[in-house]
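Pasting query11.txt here (compact mmCIF, C-alpha atoms):
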```txt
# COMPACT_ATOMS: atom_id res chain seq x y z
CA MET A 1 68.62 29.97 142.01
CA VAL A 2 67.89 27.82 138.93
CA ARG A 3 65.84 30.53 137.29
CA GLU A 4 68.51 33.13 137.99
CA ARG A 5 71.17 30.91 136.45
CA ILE A 6 69.10 30.46 133.30
CA SER A 7 68.75 34.22 133.02
CA ASN A 8 72.56 34.53 133.02
CA LEU A 9 73.65 31.50 130.99
CA HIS A 10 75.98 31.86 128.01
CA ARG A 11 76.34 28.33 126.66
CA PHE A 12 73.81 25.52 126.42
CA ALA A 13 73.57 22.17 124.64
CA VAL A 14 70.75 19.90 123.51
CA TYR A 15 71.75 16.25 123.31
CA TYR A 16 69.50 13.21 123.04
CA GLY A 17 72.27 10.63 122.75
CA ARG A 18 73.99 8.71 125.53
CA GLY A 19 77.03 9.56 127.63
CA SER A 20 79.40 12.40 126.67
CA LEU A 21 79.39 13.67 130.26
CA GLN A 22 82.79 15.37 130.03
CA ASP A 23 81.72 17.41 127.00
CA LEU A 24 78.30 18.22 128.45
CA ALA A 25 79.87 19.45 131.68
CA GLU A 26 81.51 22.28 129.74
CA TYR A 27 78.12 23.94 129.22
CA ASP A 28 76.12 26.16 131.58
CA MET A 29 72.96 24.18 130.81
CA VAL A 30 72.15 20.96 128.96
CA ILE A 31 68.87 19.44 127.80
CA LEU A 32 68.94 15.64 127.91
CA GLU A 33 66.71 12.70 127.03
CA PRO A 34 65.94 11.26 130.51
CA ALA A 35 65.76 7.67 129.25
CA HIS A 36 69.50 7.77 128.56
CA TYR A 37 70.84 8.99 131.91
CA GLN A 38 71.03 7.65 135.44
CA GLU A 39 70.72 9.80 138.56
CA GLU A 40 74.44 9.59 139.31
CA GLU A 41 75.19 11.03 135.85
CA ILE A 42 72.77 13.89 136.46
CA GLN A 43 74.42 14.55 139.82
CA TYR A 44 77.86 14.53 138.21
CA LEU A 45 76.81 17.27 135.78
CA LYS A 46 75.24 19.29 138.56
CA SER A 47 78.43 18.97 140.60
CA ARG A 48 80.21 20.61 137.65
CA GLN A 49 77.80 23.56 137.90
CA THR A 50 75.83 22.53 134.82
CA LEU A 51 72.07 22.93 134.89
CA VAL A 52 70.38 19.72 133.74
CA MET A 53 67.01 19.99 132.01
CA ALA A 54 64.80 17.03 131.13
CA TYR A 55 63.34 16.64 127.65
CA ALA A 56 59.57 16.10 127.63
CA SER A 57 57.42 15.84 124.51
CA VAL A 58 54.05 17.47 125.12
CA ILE A 59 51.90 16.68 122.09
CA GLU A 60 53.85 14.05 120.14
CA VAL A 61 53.91 10.63 121.80
CA PRO A 62 55.96 7.94 120.03
CA GLU A 63 55.35 4.30 120.85
CA TYR A 64 58.65 4.11 122.80
CA HIS A 65 57.56 6.97 125.09
CA PRO A 66 57.23 5.73 128.70
CA LEU A 67 53.68 7.11 128.88
CA TYR A 68 52.47 5.58 125.62
CA PRO A 69 51.25 2.28 127.20
CA LEU A 70 49.14 4.33 129.64
CA LEU A 71 47.25 6.26 126.97
CA ARG A 72 43.57 5.59 126.41
CA GLU A 73 41.88 5.76 123.04
CA ASP A 74 40.27 9.12 123.89
CA ASP A 75 43.69 10.60 124.75
CA PHE A 76 44.64 10.74 121.06
CA LEU A 77 43.92 13.67 118.80
CA ARG A 78 42.06 12.57 115.69
CA LYS A 79 41.31 13.89 112.24
CA LYS A 80 38.37 12.36 110.38
CA GLY A 81 38.29 9.67 113.04
CA GLU A 82 41.93 8.63 112.54
CA LYS A 83 44.81 9.15 114.93
CA ILE A 84 47.18 11.86 113.73
CA VAL A 85 50.70 10.63 113.05
CA GLN A 86 53.74 12.89 113.05
CA PRO A 87 55.15 12.41 109.52
CA VAL A 88 58.89 12.54 110.32
CA TYR A 89 59.27 10.69 113.63
CA GLY A 90 56.10 8.60 113.54
CA GLY A 91 54.70 9.56 116.95
CA PHE A 92 50.99 10.00 117.59
CA TYR A 93 49.44 13.31 118.59
CA ALA A 94 47.97 13.46 122.07
CA ASP A 95 44.86 15.50 122.84
CA LEU A 96 46.13 18.22 125.16
CA ALA A 97 42.56 18.89 126.30
CA SER A 98 42.29 15.34 127.65
CA PRO A 99 42.31 15.47 131.48
CA HIS A 100 43.83 11.99 131.55
CA TRP A 101 46.75 12.99 129.30
CA GLN A 102 47.31 16.16 131.30
CA THR A 103 47.49 14.11 134.50
CA LEU A 104 49.96 11.64 132.97
CA LEU A 105 52.11 14.46 131.64
CA HIS A 106 52.19 16.34 134.95
CA ARG A 107 53.08 13.20 136.87
CA HIS A 108 55.83 12.35 134.39
CA ILE A 109 57.37 15.82 134.61
CA GLY A 110 56.98 15.87 138.39
CA GLN A 111 58.81 12.55 138.60
CA LEU A 112 61.68 13.98 136.58
CA LEU A 113 61.95 17.14 138.66
CA VAL A 114 61.34 15.79 142.15
CA HIS A 115 62.62 12.22 142.09
CA SER A 116 65.20 12.29 139.29
CA HIS A 117 66.40 15.73 140.43
CA TYR A 118 66.45 17.52 137.09
CA ASP A 119 66.74 21.28 137.39
CA GLY A 120 63.88 21.88 134.99
CA VAL A 121 62.00 20.71 131.94
CA PHE A 122 62.15 21.43 128.21
CA LEU A 123 58.64 21.32 126.74
CA ASP A 124 59.22 20.06 123.23
CA THR A 125 56.53 19.76 120.50
CA ILE A 126 54.19 22.07 122.43
CA GLY A 127 54.53 24.59 119.62
CA ASN A 128 52.71 22.17 117.31
CA VAL A 129 49.42 23.55 118.65
CA GLU A 130 49.95 26.42 116.20
CA TRP A 131 49.98 24.20 113.12
CA PRO A 132 47.16 25.35 110.79
CA GLU A 133 45.99 21.80 110.04
CA LEU A 134 45.62 20.84 113.69
CA PRO A 135 42.00 19.94 114.57
CA ASP A 136 40.30 21.44 117.62
CA LYS A 137 42.97 24.12 117.50
CA THR A 138 41.45 26.58 119.97
CA ASN A 139 41.01 23.96 122.68
CA GLN A 140 44.51 22.59 122.06
CA LEU A 141 46.00 26.07 122.36
CA ASN A 142 44.11 26.81 125.57
CA ALA A 143 45.13 23.46 127.03
CA ALA A 144 48.79 24.11 126.19
CA MET A 145 48.61 27.44 128.02
CA GLN A 146 47.07 25.75 131.06
CA ILE A 147 49.74 23.05 131.09
CA VAL A 148 52.55 25.61 131.22
CA ALA A 149 50.79 27.76 133.83
CA SER A 150 50.14 24.76 136.08
CA LEU A 151 53.76 23.59 135.84
CA ARG A 152 54.91 26.99 137.02
CA LYS A 153 52.41 26.85 139.89
CA TRP A 154 53.58 23.43 141.08
CA PHE A 155 57.30 23.90 140.39
CA PRO A 156 58.04 27.56 141.07
CA GLN A 157 61.78 27.08 141.59
CA HIS A 158 62.47 24.87 138.58
CA GLY A 159 63.32 25.97 135.07
CA ILE A 160 60.66 25.80 132.36
CA LEU A 161 61.71 26.03 128.71
CA GLN A 162 59.36 26.08 125.73
CA ASN A 163 60.23 25.02 122.20
CA ASN A 164 58.83 27.34 119.49
CA GLY A 165 55.13 28.27 119.64
CA LEU A 166 56.17 31.73 118.51
CA GLU A 167 52.98 33.01 116.87
CA THR A 168 50.36 32.91 119.61
CA LEU A 169 51.30 30.48 122.35
CA VAL A 170 54.36 32.37 123.57
CA ASN A 171 52.34 35.53 124.20
CA HIS A 172 50.34 33.62 126.83
CA THR A 173 53.03 31.34 128.27
CA ALA A 174 55.91 33.85 128.53
CA PRO A 175 54.99 34.92 132.11
CA PHE A 176 55.57 31.33 133.24
CA LEU A 177 58.73 30.57 131.25
CA ASP A 178 62.43 31.01 131.86
CA ALA A 179 63.47 30.57 128.25
CA ILE A 180 62.06 30.12 124.77
CA ILE A 181 64.01 27.99 122.35
CA TRP A 182 63.70 29.20 118.77
CA GLU A 183 64.57 26.13 116.73
CA ASN A 184 65.91 26.25 113.18
CA VAL A 185 65.27 29.91 112.37
CA PRO A 186 64.98 29.91 108.52
CA LEU A 187 67.73 32.49 108.02
CA GLY A 188 68.61 31.26 104.54
CA ASP A 189 65.07 31.77 103.23
CA SER A 190 64.59 35.33 101.95
CA ALA A 191 60.81 34.84 101.92
CA SER A 192 60.91 34.38 105.70
CA ALA A 193 62.85 37.57 106.43
CA ALA A 194 59.81 39.67 107.37
CA TRP A 195 58.40 36.89 109.57
CA ILE A 196 61.75 36.47 111.32
CA GLU A 197 61.88 40.17 112.13
CA ILE A 198 58.32 40.11 113.53
CA VAL A 199 59.06 37.11 115.73
CA ASN A 200 62.41 38.53 116.79
CA GLN A 201 60.81 41.78 117.89
CA ARG A 202 58.10 39.85 119.73
CA LEU A 203 60.70 37.85 121.64
CA ARG A 204 62.68 40.96 122.52
CA ASN A 205 59.52 42.59 123.85
CA LEU A 206 58.73 39.50 125.94
CA GLN A 207 62.26 39.46 127.32
CA GLN A 208 61.89 43.06 128.44
CA LYS A 209 58.48 42.44 129.98
CA TYR A 210 58.97 39.03 131.59
CA ALA A 211 62.77 38.50 131.59
CA VAL A 212 62.31 35.33 129.50
CA ARG A 213 65.45 34.39 127.57
CA THR A 214 65.58 33.46 123.90
CA LEU A 215 67.93 30.62 122.97
CA LEU A 216 68.66 29.59 119.38
CA LEU A 217 68.90 25.96 118.35
CA PHE A 218 70.01 24.56 114.99
CA ASP A 219 70.46 20.92 114.01
CA ARG A 220 72.23 19.19 111.11
CA LEU A 221 75.50 20.94 111.90
CA GLU A 222 77.46 18.36 109.92
CA GLN A 223 75.50 19.33 106.79
CA MET A 224 75.93 23.11 107.11
CA THR A 225 78.38 25.09 105.02
CA ARG A 226 80.71 27.51 106.75
CA GLN A 227 78.64 30.37 105.31
CA GLU A 228 75.45 28.96 106.83
CA ILE A 229 77.08 28.58 110.22
CA LEU A 230 78.43 32.14 110.09
CA ARG A 231 75.01 33.54 109.11
CA ARG A 232 73.40 31.86 112.11
CA ARG A 233 76.23 32.89 114.42
CA GLN A 234 75.94 36.52 113.30
CA PHE A 235 72.19 36.52 113.94
CA ALA A 236 72.78 35.10 117.43
CA ASP A 237 75.53 37.60 118.23
CA LEU A 238 73.54 40.57 116.91
CA ASN A 239 70.62 39.73 119.19
CA GLN A 240 72.74 38.43 122.09
CA TYR A 241 71.02 35.02 121.94
CA PRO A 242 72.94 31.98 123.18
CA VAL A 243 73.07 29.44 120.35
CA TYR A 244 73.73 25.73 120.00
CA PHE A 245 74.54 23.83 116.79
CA ALA A 246 73.64 20.15 117.05
CA GLU A 247 74.21 17.20 114.79
CA THR A 248 71.21 15.61 113.07
CA TYR A 249 68.48 14.49 115.51
CA PHE A 250 70.58 15.92 118.38
CA GLN A 251 72.55 12.71 118.67
CA GLY A 252 75.89 11.61 117.27
CA LYS A 253 78.18 13.62 119.51
CA VAL A 254 78.09 16.76 121.63
CA THR A 255 79.39 19.78 119.74
CA PRO A 256 82.61 21.03 121.43
CA VAL A 257 81.93 24.05 123.59
CA ASN A 258 84.53 26.14 121.78
CA ARG A 259 82.25 26.16 118.73
CA HIS A 260 79.81 28.28 120.74
CA ILE A 261 82.08 30.89 122.31
```
Please re-express this file's structure in structure tokens.
Amino acid sequence: MVRERISNLHRFAVYYGRGSLQDLAEYDMVILEPAHYQEEEIQYLKSRQTLVMAYASVIEVPEYHPLYPLLREDDFLRKKGEKIVQPVYGGFYADLASPHWQTLLHRHIGQLLVHSHYDGVFLDTIGNVEWPELPDKTNQLNAAMQIVASLRKWFPQHGILQNNGLETLVNHTAPFLDAIIWENVPLGDSASAAWIEIVNQRLRNLQQKYAVRTLLLFDRLEQMTRQEILRRRQFADLNQYPVYFAETYFQGKVTPVNRHI
């Protein structure tokens, strides 16, 4: 039922702030930061026929992450002996090949799906395994594939969404996914036009083969010109991709649903 609803959704939102239940309930599906919502709020959204997906960071682990205190020293990915720090948000990179981290991650996601009653999970930061500067890249990529495959095995009826990972990862994880979120497509960069077309064709092929949806996500809505918004909207409409425009860092306020019709 959940997977079928994802395949037919028209409007979705990504919001990491608090509250805004009335606005969120206007969407077919929402992705939320679990730390900010109680079970009764999740149930309210579900009663309004809104799918509720839990945010889960796969490779980036900030110090405020609930699993951070449980990490061991050998759970961190290192470069030249030093822990790798995400430059924008400051989180550390976990070693996806670490059995201990994999166990923590699976338990965390299982808790969200089974006990907190989320309809599915949004695997954020997993696409970072494709970054050229990432050490131990082959093992990290293989581990990411295994994580997604095992989640599908253990939670066959729940939704699984992947953020980016559009070069290599998606070719291996698509059979286990319900949707791929393509975040911040660089439509204003003419140098990226050929790459965008290659990725777009890849995603269309995967949708035909595995029925995996492509959803577009853009942030910094409040900083976009009308022309930039229209360019992104036209790309979404042309490819029949549901799209969501969020404010910076996906907080602030929920974008009114009529901006996405």
Open item on the list: Counting all atoms listed in the file, which residue out of A:Ala143, A:Val85, A:Ile229, A:Ala174 sits closest to Val61 of chain A?
Closed with: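 Among A:Ala143, A:Val85, A:Ile229, A:Ala174, it is A:Val85 that comes nearest to Val61 of chain A.
The smallest atom-to-atom distance between Glu41 of chain A and any of A:Gly19, A:Gly252, A:Pro62, A:Pro186, using only C-alpha atoms, is found for A:Gly19.
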- [ ] Pick out the closest residue to Gln86 of chain A from this set: A:Val170, A:Arg11, A:Leu134, A:Ser98. Count all atoms listed in the file.
- [x]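 The answer is A:Leu134, which sits nearest to Gln86 of chain A.
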TODO: Work out how far apart atom CA of Trp101 of chain A and atom CA of Thr214 of chain A are and give it in Å to one decimal.
DONE: 28.3 Å
Task: Nearest candidate to Gln227 of chain A (options A:Val114, A:Ile109, A:Leu177, A:Leu187; using only C-alpha atoms) - done: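 Once distances to Gln227 of chain A are computed over only C-alpha atoms, the minimum belongs to A:Leu187.
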